[in-house]
Amino acid sequence: MPLRTHTQLPAGLLDCSADELHDHLGGPTLIQLQGSRNPALFVSVLLHGNETSGWDGVRRYLQETTGLPRSLTLFIGNTEAARAGMRALPSQQDFNRIWRDAGGEGGALASAVQAAIADQHFFASIDLHNNTGHNPYYSVVTDLEPHNLGLAYLFSDKAVFVEEPDTVLTRVFTGRCPAVALEVGPVGDPRCADRVYDYVARCMTLGEVPVAAPEAFSLFRTRVRVHIQDDVGFCFEGENGSDDPVPLVLTGGVEAVNFHELARGTVFGATRLPVSSVFRVLDVDHRDVTDDYFEHDGDAILLKENVVPAMYTTDPYVVRQDCLCYFMERMAL
Ligand SMILES: [Zn+2]
């Protein structure tokens with residue numbers, strides 16, 4: 001999986017939708033475009049092949065801009081998965097988990113990209129993703145440096161600080177320039193590409209990255225993942241399609257309150273089974289902390305702590321494959 005490099009836009013590239021890029025480029029590609037000022041803005045798209053809003057926003061920006069106000073280094077990631085409309089092909093590594101100590105083709109690609117940009121300074125780095133579930137658009141930061149938070153705040157008043165995994169692309173830029181990953185909204189929502197367009201256009205004209213204004217900014221840290229035990233049937237309140245009772249009924253509507261605080265005592269669901277046999281709550285060290293978060297009151301399951309849910313999903317497939325939600329806590333700046 002060698003890296004292709006260009007110093008000009010390949011002819012016809014901006015006419016390609018995400019699924020057409022692989023046939024046009026042949027694989028992962030780094031394009032370094034000279035603008036009126038340096039250092040360059042680094043932008044990455046399609047590390048996840050089905051998350052197409054980044055490419056759509058960037059290509060519209062390049063179509064509509066004559067004379068770039070700043071140099072731009074664009075990395076187009078998993079073109080092969082994009083052609084298939086998938087996050088990654090089953091045979092591939094996750095392209096946002098290859099940026100440290102990775103082997104295989106993914107590791108070789110990450111090394112090639114890092115070698116190609118090794119001597120360069122960057123103004124800032126932006127990694128563009130779509131989010132899953134009904135979450136607001138927000139930034140992900142791996143470093144609490146003030147300009148890093150400032151770059152995040154330019155996109156959204158909400159950001160999540162993550163320490164794991166440490167193999168994401170954003171980490172490559174730690175100590176080098178401000179760097180964020182943006183979750184720009186759900187795939188298929190046309191406003192996402194508009195958001196990308198506006199943000200990239202703004203970053204390209206900025207003289208310097210500002211620092212965040214703490215009073216206007218909500219910063220969260222992930223505390224735990226909430227899983228439903230594999231063998232437990234569940235449904236969301238009011239959605240039991242059969243006449244048989246379901247062992248676990250989840251209070252509906254939490255999806256709408258992702259990123260809003262739920263107070264201790266809030267009803268989260270109902271079951272007659274012990275809480276620990278329906279939920280499995282794991283902290284960042286993978287310890288089971290279920291009993292710290294839920295308690296019974298009759299059949300009702302109540303929250304034992306104030307929590308801020310994120311990525312809460314009502315899609316049963318995602319619940320089984322990944323998790324029901326995360327609980328976050330607000331961080332003071
Ligand atoms: Zn992604």
# chains A, B, ... in the order shown; residues from 1 in each chain; ligands from 1
call {"tool": "residues_near_ligand", "arguments": {"ligand": "ligand 1", "cutoff": "9 Å", "atoms": "only C-alpha atoms and all ligand atoms", "output": "PDB file with N, CA and C atoms, in the first residue's frame"}}
result
ATOM      1  N   LEU A  46     -11.400  10.703   5.078  1.00  0.00           N
ATOM      2  CA  LEU A  46     -11.631   9.294   4.704  1.00  0.00           C
ATOM      3  C   LEU A  46     -10.680   8.305   5.362  1.00  0.00           C
ATOM      4  N   LEU A  47     -10.191   8.612   6.575  1.00  0.00           N
ATOM      5  CA  LEU A  47      -9.524   7.542   7.320  1.00  0.00           C
ATOM      6  C   LEU A  47     -10.528   6.407   7.513  1.00  0.00           C
ATOM      7  N   HIS A  48     -11.785   6.773   7.627  1.00  0.00           N
ATOM      8  CA  HIS A  48     -12.885   5.813   7.619  1.00  0.00           C
ATOM      9  C   HIS A  48     -13.657   5.993   6.305  1.00  0.00           C
ATOM     10  N   GLY A  49     -13.687   4.932   5.498  1.00  0.00           N
ATOM     11  CA  GLY A  49     -14.119   5.066   4.112  1.00  0.00           C
ATOM     12  C   GLY A  49     -15.561   5.492   3.910  1.00  0.00           C
ATOM     13  N   ASN A  50     -16.422   5.210   4.875  1.00  0.00           N
ATOM     14  CA  ASN A  50     -17.839   5.572   4.710  1.00  0.00           C
ATOM     15  C   ASN A  50     -18.144   6.967   5.248  1.00  0.00           C
ATOM     16  N   GLU A  51     -17.131   7.638   5.822  1.00  0.00           N
ATOM     17  CA  GLU A  51     -17.369   8.959   6.437  1.00  0.00           C
ATOM     18  C   GLU A  51     -16.952  10.029   5.428  1.00  0.00           C
ATOM     19  N   ARG A  87     -16.413   1.491   6.457  1.00  0.00           N
ATOM     20  CA  ARG A  87     -15.442   2.117   7.363  1.00  0.00           C
ATOM     21  C   ARG A  87     -14.028   1.623   7.032  1.00  0.00           C
ATOM     22  N   PHE A  95      -7.838   2.644   9.754  1.00  0.00           N
ATOM     23  CA  PHE A  95      -6.847   3.658   9.388  1.00  0.00           C
ATOM     24  C   PHE A  95      -6.657   4.733  10.463  1.00  0.00           C
ATOM     25  N   ASN A  96      -7.522   4.739  11.479  1.00  0.00           N
ATOM     26  CA  ASN A  96      -7.264   5.681  12.572  1.00  0.00           C
ATOM     27  C   ASN A  96      -6.716   4.954  13.801  1.00  0.00           C
ATOM     28  N   ASP A 127      -8.478  16.352  11.402  1.00  0.00           N
ATOM     29  CA  ASP A 127      -8.847  15.027  10.910  1.00  0.00           C
ATOM     30  C   ASP A 127     -10.371  14.950  10.889  1.00  0.00           C
ATOM     31  N   LEU A 128     -10.946  14.690   9.711  1.00  0.00           N
ATOM     32  CA  LEU A 128     -12.393  14.835   9.529  1.00  0.00           C
ATOM     33  C   LEU A 128     -13.116  13.485   9.541  1.00  0.00           C
ATOM     34  N   HIS A 129     -14.092  13.375  10.423  1.00  0.00           N
ATOM     35  CA  HIS A 129     -14.900  12.148  10.573  1.00  0.00           C
ATOM     36  C   HIS A 129     -16.385  12.497  10.650  1.00  0.00           C
ATOM     37  N   ASN A 130     -17.226  11.486  10.384  1.00  0.00           N
ATOM     38  CA  ASN A 130     -18.653  11.577  10.713  1.00  0.00           C
ATOM     39  C   ASN A 130     -18.904  10.794  11.990  1.00  0.00           C
ATOM     40  N   ASN A 131     -19.851  11.238  12.801  1.00  0.00           N
ATOM     41  CA  ASN A 131     -20.169  10.474  14.009  1.00  0.00           C
ATOM     42  C   ASN A 131     -21.340   9.541  13.800  1.00  0.00           C
ATOM     43  N   THR A 132     -21.463   8.600  14.724  1.00  0.00           N
ATOM     44  CA  THR A 132     -22.572   7.653  14.694  1.00  0.00           C
ATOM     45  C   THR A 132     -23.523   8.008  15.831  1.00  0.00           C
ATOM     46  N   ALA A 181      -9.518  16.093  15.969  1.00  0.00           N
ATOM     47  CA  ALA A 181     -10.375  15.275  15.110  1.00  0.00           C
ATOM     48  C   ALA A 181     -11.777  15.848  15.258  1.00  0.00           C
ATOM     49  N   LEU A 182     -12.475  16.004  14.147  1.00  0.00           N
ATOM     50  CA  LEU A 182     -13.825  16.559  14.201  1.00  0.00           C
ATOM     51  C   LEU A 182     -14.840  15.487  13.852  1.00  0.00           C
ATOM     52  N   GLU A 183     -15.841  15.334  14.711  1.00  0.00           N
ATOM     53  CA  GLU A 183     -16.990  14.480  14.427  1.00  0.00           C
ATOM     54  C   GLU A 183     -18.056  15.442  13.920  1.00  0.00           C
TER      55      GLU A 183
END
call {"tool": "residues_around", "arguments": {"residues": "Leu3 (chain A)", "least_positions_apart": "4", "cutoff": "12 Å", "atoms": "only C-alpha atoms", "output": "list in words"}}
result
Leu25, Gly26, Gly27, Pro28, Thr29, Leu30, Ile31, Phe75, Ile76, Gly77, Asn78, Thr79, Glu105, Gly106, Gly107, Ala108, Leu109, Ala110, Ser111, Ala112, Val113, Gln114, Ala115 and Ala116 of chain A
call {"tool": "closest_residue", "arguments": {"among": "A:Arg320, A:Tyr138, A:Ala82, A:Pro190", "to": "Asp231 (chain A)", "atoms": "only C-alpha atoms"}}
result
A:Arg320
call {"tool": "closest_residue", "arguments": {"among": "A:Pro178, A:Pro316, A:Pro69, A:Gly104", "to": "Phe236 (chain A)", "atoms": "only C-alpha atoms"}}
result
A:Pro316
call {"tool": "closest_residue", "arguments": {"among": "A:Arg272, A:His121, A:His24, A:Arg202", "to": "Pro10 (chain A)", "atoms": "only C-alpha atoms"}}
result
A:His24
call {"tool": "select_by_dssp", "arguments": {"residues": "region 33-120 of chain A", "states": "strand (DSSP E or B)", "output": "compact mmCIF listing (two decimals) with C-alpha atoms, in the first residue's frame"}}
result
# COMPACT_ATOMS: atom_id res chain seq x y z
CA LEU A 33 -0.65 22.50 -2.42
CA ALA A 40 0.45 24.58 5.66
CA LEU A 41 -2.82 23.45 7.15
CA PHE A 42 -2.92 19.64 7.33
CA VAL A 43 -6.31 18.10 6.59
CA SER A 44 -7.12 14.39 6.52
CA VAL A 45 -10.27 12.82 5.09
CA LEU A 72 -2.70 22.97 2.29
CA THR A 73 -1.54 19.40 2.82
CA LEU A 74 -4.39 17.00 2.17
CA PHE A 75 -4.24 13.33 3.09
CA ILE A 76 -6.89 11.14 1.47
call {"tool": "residues_around", "arguments": {"residues": "Ser156 (chain A)", "least_positions_apart": "2", "cutoff": "7 Å", "atoms": "only C-alpha atoms", "output": "ChimeraX atom specification"}}
result
/A:137-139,152-154,158
call {"tool": "closest_residue", "arguments": {"among": "A:Asp15, A:Asp157, A:Asp94, A:Glu164", "to": "Val284 (chain A)", "atoms": "only C-alpha atoms"}}
result
A:Glu164
call {"tool": "residues_around", "arguments": {"residues": "Arg70 (chain A)", "least_positions_apart": "4", "cutoff": "10 Å", "atoms": "only C-alpha atoms", "output": "PyMOL selection string"}}
result
chain A and resi 33-41+123+203-207
call {"tool": "select_by_dssp", "arguments": {"residues": "region 26-161 of chain A", "states": "helix (DSSP H, G or I)", "output": "PyMOL selection string"}}
result
chain A and resi 53-64+79-84+104-116+146-153
call {"tool": "residues_around", "arguments": {"residues": "Phe161 (chain A)", "least_positions_apart": "3", "cutoff": "8 Å", "atoms": "only C-alpha atoms", "output": "PyMOL selection string"}}
result
chain A and resi 140-144+219-222
call {"tool": "write_last_selection", "arguments": {"atoms": "N, CA and C atoms", "output": "PDB file, in the first residue's frame"}}
result
ATOM      1  N   VAL A 140     -12.744  16.159  19.039  1.00  0.00           N
ATOM      2  CA  VAL A 140     -12.019  15.241  19.914  1.00  0.00           C
ATOM      3  C   VAL A 140     -10.590  15.758  20.033  1.00  0.00           C
ATOM      4  N   VAL A 141     -10.133  15.925  21.255  1.00  0.00           N
ATOM      5  CA  VAL A 141      -8.752  16.377  21.464  1.00  0.00           C
ATOM      6  C   VAL A 141      -7.999  15.329  22.269  1.00  0.00           C
ATOM      7  N   THR A 142      -6.724  15.212  21.965  1.00  0.00           N
ATOM      8  CA  THR A 142      -5.882  14.260  22.698  1.00  0.00           C
ATOM      9  C   THR A 142      -4.863  14.993  23.553  1.00  0.00           C
ATOM     10  N   ASP A 143      -4.979  16.324  23.590  1.00  0.00           N
ATOM     11  CA  ASP A 143      -4.002  17.161  24.274  1.00  0.00           C
ATOM     12  C   ASP A 143      -4.757  18.412  24.744  1.00  0.00           C
ATOM     13  N   LEU A 144      -4.521  18.834  25.983  1.00  0.00           N
ATOM     14  CA  LEU A 144      -5.280  19.969  26.539  1.00  0.00           C
ATOM     15  C   LEU A 144      -4.537  21.295  26.393  1.00  0.00           C
ATOM     16  N   LEU A 219     -16.072  20.869  28.020  1.00  0.00           N
ATOM     17  CA  LEU A 219     -15.083  19.830  27.763  1.00  0.00           C
ATOM     18  C   LEU A 219     -15.424  18.609  28.608  1.00  0.00           C
ATOM     19  N   PHE A 220     -15.424  17.440  27.965  1.00  0.00           N
ATOM     20  CA  PHE A 220     -15.795  16.214  28.651  1.00  0.00           C
ATOM     21  C   PHE A 220     -14.673  15.191  28.556  1.00  0.00           C
ATOM     22  N   ARG A 221     -14.706  14.276  29.514  1.00  0.00           N
ATOM     23  CA  ARG A 221     -13.781  13.156  29.502  1.00  0.00           C
ATOM     24  C   ARG A 221     -14.604  11.877  29.654  1.00  0.00           C
ATOM     25  N   THR A 222     -14.262  10.869  28.862  1.00  0.00           N
ATOM     26  CA  THR A 222     -14.977   9.599  28.947  1.00  0.00           C
ATOM     27  C   THR A 222     -14.591   8.861  30.230  1.00  0.00           C
TER      28      THR A 222
END
call {"tool": "residues_around", "arguments": {"residues": "Pro146 (chain A)", "least_positions_apart": "3", "cutoff": "9 Å", "atoms": "only C-alpha atoms", "output": "PyMOL selection string"}}
result
chain A and resi 143+149-151+178+210-212
call {"tool": "write_last_selection", "arguments": {"atoms": "C-alpha atoms", "output": "PDB file, in the first residue's frame"}}
result
ATOM      1  CA  ASP A 143      -4.002  17.161  24.274  1.00  0.00           C
ATOM      2  CA  LEU A 149      -8.649  23.632  22.683  1.00  0.00           C
ATOM      3  CA  GLY A 150      -8.896  26.847  20.682  1.00  0.00           C
ATOM      4  CA  LEU A 151      -8.828  24.915  17.417  1.00  0.00           C
ATOM      5  CA  PRO A 178      -2.650  22.263  17.330  1.00  0.00           C
ATOM      6  CA  PRO A 210      -6.709  31.361  19.111  1.00  0.00           C
ATOM      7  CA  VAL A 211      -6.954  29.944  22.615  1.00  0.00           C
ATOM      8  CA  ALA A 212     -10.352  28.732  23.856  1.00  0.00           C
TER       9      ALA A 212
END
call {"tool": "residues_around", "arguments": {"residues": "Leu13 (chain A)", "least_positions_apart": "4", "cutoff": "12 Å", "atoms": "only C-alpha atoms", "output": "VMD selection string"}}
result
chain A and resid 6 8 to 9 17 to 26 29 31 55 to 56 58 to 60 62 to 63 76
call {"tool": "atom_distance", "arguments": {"atom1": "CA of Val308 (chain A)", "atom2": "CA of Met328 (chain A)"}}
result
4.9 Å
call {"tool": "closest_residue", "arguments": {"among": "A:Glu208, A:Thr167, A:Ala84, A:Val184", "to": "Ala124 (chain A)", "atoms": "only C-alpha atoms"}}
result
A:Glu208
call {"tool": "closest_residue", "arguments": {"among": "A:Gln32, A:Ser125, A:Gln92, A:Thr170", "to": "Leu68 (chain A)", "atoms": "only C-alpha atoms"}}
result
A:Gln32
call {"tool": "atom_distance", "arguments": {"atom1": "CA of Asp198 (chain A)", "atom2": "CA of Phe217 (chain A)"}}
result
19.6 Å
call {"tool": "decode", "arguments": {"residues": "region 21-42 of chain A", "atoms": "N, CA and C atoms", "output": "tab-separated table (two decimals), in the first residue's frame"}}
result
chain	number	residue	atom	x	y	z
A	21	LEU	N	-12.81	7.89	-5.78
A	21	LEU	CA	-11.42	8.32	-5.58
A	21	LEU	C	-10.41	7.19	-5.81
A	22	HIS	N	-10.77	5.99	-5.43
A	22	HIS	CA	-9.79	4.90	-5.54
A	22	HIS	C	-9.41	4.65	-7.00
A	23	ASP	N	-10.39	4.66	-7.87
A	23	ASP	CA	-10.09	4.42	-9.29
A	23	ASP	C	-9.30	5.59	-9.88
A	24	HIS	N	-9.47	6.77	-9.31
A	24	HIS	CA	-8.78	7.96	-9.83
A	24	HIS	C	-7.35	8.05	-9.27
A	25	LEU	N	-7.18	7.70	-8.01
A	25	LEU	CA	-5.89	7.91	-7.34
A	25	LEU	C	-5.07	6.62	-7.19
A	26	GLY	N	-5.74	5.51	-7.07
A	26	GLY	CA	-5.05	4.24	-6.92
A	26	GLY	C	-4.76	3.83	-5.48
A	27	GLY	N	-5.08	4.71	-4.53
A	27	GLY	CA	-4.83	4.36	-3.13
A	27	GLY	C	-4.63	5.61	-2.29
A	28	PRO	N	-4.18	5.43	-1.05
A	28	PRO	CA	-3.97	6.57	-0.15
A	28	PRO	C	-3.02	7.60	-0.77
A	29	THR	N	-3.35	8.88	-0.63
A	29	THR	CA	-2.65	9.93	-1.38
A	29	THR	C	-2.43	11.16	-0.51
A	30	LEU	N	-1.24	11.74	-0.65
A	30	LEU	CA	-0.90	12.99	0.03
A	30	LEU	C	-0.72	14.07	-1.04
A	31	ILE	N	-1.49	15.14	-0.92
A	31	ILE	CA	-1.43	16.22	-1.91
A	31	ILE	C	-0.99	17.50	-1.20
A	32	GLN	N	0.14	18.06	-1.63
A	32	GLN	CA	0.68	19.26	-0.97
A	32	GLN	C	0.55	20.44	-1.91
A	33	LEU	N	-0.33	21.37	-1.56
A	33	LEU	CA	-0.65	22.50	-2.42
A	33	LEU	C	-0.06	23.78	-1.83
A	34	GLN	N	0.62	24.55	-2.67
A	34	GLN	CA	1.22	25.80	-2.22
A	34	GLN	C	0.16	26.91	-2.19
A	35	GLY	N	0.15	27.66	-1.09
A	35	GLY	CA	-0.75	28.80	-0.98
A	35	GLY	C	0.03	30.06	-0.70
A	36	SER	N	-0.68	31.15	-0.40
A	36	SER	CA	-0.03	32.46	-0.23
A	36	SER	C	0.83	32.52	1.02
A	37	ARG	N	0.48	31.75	2.01
A	37	ARG	CA	1.33	31.79	3.22
A	37	ARG	C	1.57	30.40	3.76
A	38	ASN	N	2.62	30.31	4.56
A	38	ASN	CA	3.01	29.06	5.22
A	38	ASN	C	3.01	29.31	6.73
A	39	PRO	N	3.04	28.27	7.58
A	39	PRO	CA	3.04	26.86	7.21
A	39	PRO	C	1.67	26.36	6.75
A	40	ALA	N	1.67	25.16	6.23
A	40	ALA	CA	0.45	24.58	5.66
A	40	ALA	C	-0.52	24.13	6.74
A	41	LEU	N	-1.79	24.12	6.36
A	41	LEU	CA	-2.82	23.45	7.15
A	41	LEU	C	-2.85	21.99	6.70
A	42	PHE	N	-2.81	21.06	7.65
A	42	PHE	CA	-2.92	19.64	7.33
A	42	PHE	C	-4.37	19.21	7.52
